[in-house]
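Asker: Pasting in a structure now, in structure tokens, and then I'll have a few things to ask.
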Amino acid sequence: MIELFGRRTSINVQKVSWALCELNLKFKWHEENGQIGKVNVENYEQINPQLIVPTLNDNGIIISQSNSIVRHLYRKYSNIFKTTHIDQIAIADQWMEFQSTDLQINMTPVFWGLIRTAPEDRNHDLINKNITLLNDKFIIFNNFLKDRKFMINDIFGMADITLGVATYRYTSLPITHPKLNNLEEWYERISSRDGFIKNILGTFS
Ligand SMILES: N[C@@H](CCC(=O)N[C@@H](CS)C(=O)NCC(=O)O)C(=O)O
């Protein structure tokens, strides 16, 4: 049995639920509608000592770190190694890493500042500085997407999921976005998929 732990409003949990859906894997979802900062599962610290989400239990193998979980699922349950050259998988990995480090470092203060902090408590200097950096990084990603149907080999895959959840969050932010034509076209393609509609749409909060 596969079990997923974590709330659907978490960007990191979203990667996993979307990947499970794309790979047609049945799973039991714990804390789908859970609260921020609290995982209401008995002895959760035994499977995730950091007490963060997501955690996956794949038939007894317990894995945390969202991008590692997505990679595991694609390695184990898709034909990624038959359809994608190992060099192209490295490029997918590169962008997944970009999301969890370079993008997330600027996304977090903007998202938390504007969406999860009361107006009177917002640090606008910090938020504005990070909006500029976030926009600059999405311009770099937009340039990568030129002439690409999906991120790697024109086949929808794991990197589209990781960058897809980040793009949902980015495009939903009440900020001024630069015009990003390649991103817009790619995002239209990925956001019409069932996995996106079921797992990502409507979770911005
Ligand atoms: N690097 C980790 C980060 C996980 C993380 O920060 N999770 C957040 C939610 S997005 C969390 O668990 N926060 C505490 C909580 O919501 O209970 C990953 O990619 O899985």
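Simple scheme: letters A, B, ... for chains in structure tokens order, numbers from 1 for residues in each chain, numbers from 1 for ligands in the order shown.
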Using only C-alpha atoms, which residues sit within 6 Å of stretch 154-163 of chain A once same-chain residues fewer than 6 positions away are excluded, as a list in words?

Answerer: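 The residues satisfying every condition are Lys15, Ala92 and Met96 of chain A.
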
Asker: Could you please take those selected residues and save C-alpha atoms as a PDB file, in the first residue's frame?

Answerer:
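Saved to out.pdb:
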ATOM      1  CA  LYS A  15       4.056  17.584  -6.002  1.00  0.00           C
ATOM      2  CA  ALA A  92      15.029  17.509 -15.150  1.00  0.00           C
ATOM      3  CA  MET A  96      13.751  20.409  -9.702  1.00  0.00           C
TER       4      MET A  96
END

Asker: Could you go through stretch 24-205 of chain A and tell me which residues DSSP, when run on the backbone, assigns to strand (DSSP E), listing them as a list in words?

Answerer: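 Secondary structure check on stretch 24-205 of chain A, strand (DSSP E): Lys28, Trp29, His30, Thr55, Leu56, Asn57, Asp58, Ile61, Ile62, Ile63 and Ser64 of chain A.
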
Asker: Would you kindly return, as a list in words, each protein, DNA or RNA residue with an atom no farther than 9 Å from any atom of stretch 187-200 of chain A, considering only C-alpha atoms and excluding same-chain residues fewer than 2 positions away?

Answerer: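 Selected residues are Arg8, Thr9, Ile11, Gln14, Lys15, Ser17, Trp18, Ala19, Leu20, Cys21, Glu22, Lys149, Phe150, Phe156, Asp160, Ile161, Gly164, Val165, Thr167, Tyr168, Asn182, Leu183, Glu184, Glu185, Gly202, Thr203 and Phe204 of chain A.
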
Asker: Which residues sit within 10 Å of ligand 1, counting only C-alpha atoms and all ligand atoms, listed as a JSON list (two decimals) with C-alpha atoms, in the first residue's frame?

Answerer:
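Okay, out.json is ready:
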[["chain", "number", "residue", "atom", "x", "y", "z"],
["A", 5, "PHE", "CA", 0.98, 12.22, 4.73],
["A", 6, "GLY", "CA", 0.38, 15.95, 4.44],
["A", 7, "ARG", "CA", -2.14, 18.67, 3.66],
["A", 8, "ARG", "CA", -3.20, 19.56, 0.13],
["A", 9, "THR", "CA", -2.40, 23.28, 0.64],
["A", 10, "SER", "CA", 1.33, 22.47, 0.98],
["A", 11, "ILE", "CA", 3.30, 23.10, -2.21],
["A", 12, "ASN", "CA", 5.51, 20.13, -1.37],
["A", 13, "VAL", "CA", 2.65, 17.73, -0.75],
["A", 14, "GLN", "CA", 1.07, 18.88, -4.03],
["A", 15, "LYS", "CA", 4.06, 17.58, -6.00],
["A", 16, "VAL", "CA", 3.53, 14.11, -4.57],
["A", 34, "GLY", "CA", -4.85, 19.14, 7.82],
["A", 35, "GLN", "CA", -3.72, 22.40, 9.39],
["A", 36, "ILE", "CA", -0.53, 24.33, 8.73],
["A", 37, "GLY", "CA", 2.13, 23.49, 11.31],
["A", 38, "LYS", "CA", 0.41, 20.43, 12.75],
["A", 39, "VAL", "CA", 0.30, 16.84, 11.55],
["A", 40, "ASN", "CA", -2.45, 15.06, 13.38],
["A", 48, "ASN", "CA", 9.30, 12.07, 9.97],
["A", 50, "GLN", "CA", 11.36, 16.85, 11.39],
["A", 51, "LEU", "CA", 7.55, 16.79, 11.71],
["A", 52, "ILE", "CA", 7.18, 18.28, 8.24],
["A", 53, "VAL", "CA", 5.17, 17.19, 5.20],
["A", 54, "PRO", "CA", 5.11, 15.37, 2.84],
["A", 55, "THR", "CA", 6.07, 11.87, 3.88],
["A", 63, "ILE", "CA", 10.61, 8.73, 2.24],
["A", 64, "SER", "CA", 10.56, 12.45, 2.93],
["A", 65, "GLN", "CA", 11.70, 15.46, 0.85],
["A", 66, "SER", "CA", 9.14, 16.15, -1.87],
["A", 67, "ASN", "CA", 11.43, 16.11, -4.89],
["A", 68, "SER", "CA", 13.08, 12.88, -3.72],
["A", 69, "ILE", "CA", 9.66, 11.32, -3.41],
["A", 70, "VAL", "CA", 8.66, 12.44, -6.91],
["A", 97, "GLU", "CA", 16.71, 21.52, -7.62],
["A", 99, "GLN", "CA", 12.68, 25.01, -7.62],
["A", 100, "SER", "CA", 13.47, 23.74, -4.15],
["A", 101, "THR", "CA", 16.45, 26.01, -3.58],
["A", 104, "GLN", "CA", 11.80, 28.70, -2.91],
["A", 108, "THR", "CA", 8.66, 31.81, 0.80],
["A", 162, "THR", "CA", 7.74, 20.39, -9.53]]

Asker: To one decimal place, how far is atom CA of A:Gly113 from atom CA of A:Thr132 in Å?

Answerer: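 Interatomic distance here is 14.3 Å.
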
Asker: Could you give me, as a PDB file with C-alpha atoms, in the first residue's frame, the residues within 12 Å of A:Asp136, counting only C-alpha atoms and dropping anything in the same chain fewer than 6 positions from it?

Answerer:
ATOM      1  CA  ASP A 102      16.724  29.080  -5.818  1.00  0.00           C
ATOM      2  CA  LEU A 103      13.006  29.695  -6.332  1.00  0.00           C
ATOM      3  CA  ASN A 106      12.403  34.005  -2.689  1.00  0.00           C
ATOM      4  CA  MET A 107       8.936  32.449  -2.934  1.00  0.00           C
ATOM      5  CA  LYS A 129      13.102  42.700  -2.610  1.00  0.00           C
ATOM      6  CA  ASN A 130      12.059  39.081  -3.006  1.00  0.00           C
ATOM      7  CA  ASN A 142      10.725  31.233 -19.159  1.00  0.00           C
ATOM      8  CA  ASN A 143      13.789  31.377 -21.420  1.00  0.00           C
ATOM      9  CA  HIS A 177       4.381  39.687 -13.130  1.00  0.00           C
ATOM     10  CA  PRO A 178       6.539  40.271 -16.215  1.00  0.00           C
ATOM     11  CA  LYS A 179       5.164  39.046 -19.552  1.00  0.00           C
ATOM     12  CA  LEU A 180       6.375  35.457 -19.853  1.00  0.00           C
TER      13      LEU A 180
END

Asker: Between A:Asn123, A:Ser78, A:Asn43, A:Thr171, which is the closest to A:Leu23 once you count only C-alpha atoms?

Answerer: A:Ser78

Asker: One decimal, in Å: what's the spacing between atom CA of A:Arg148 and atom CA of A:Asn181?

Answerer: 11.9 Å
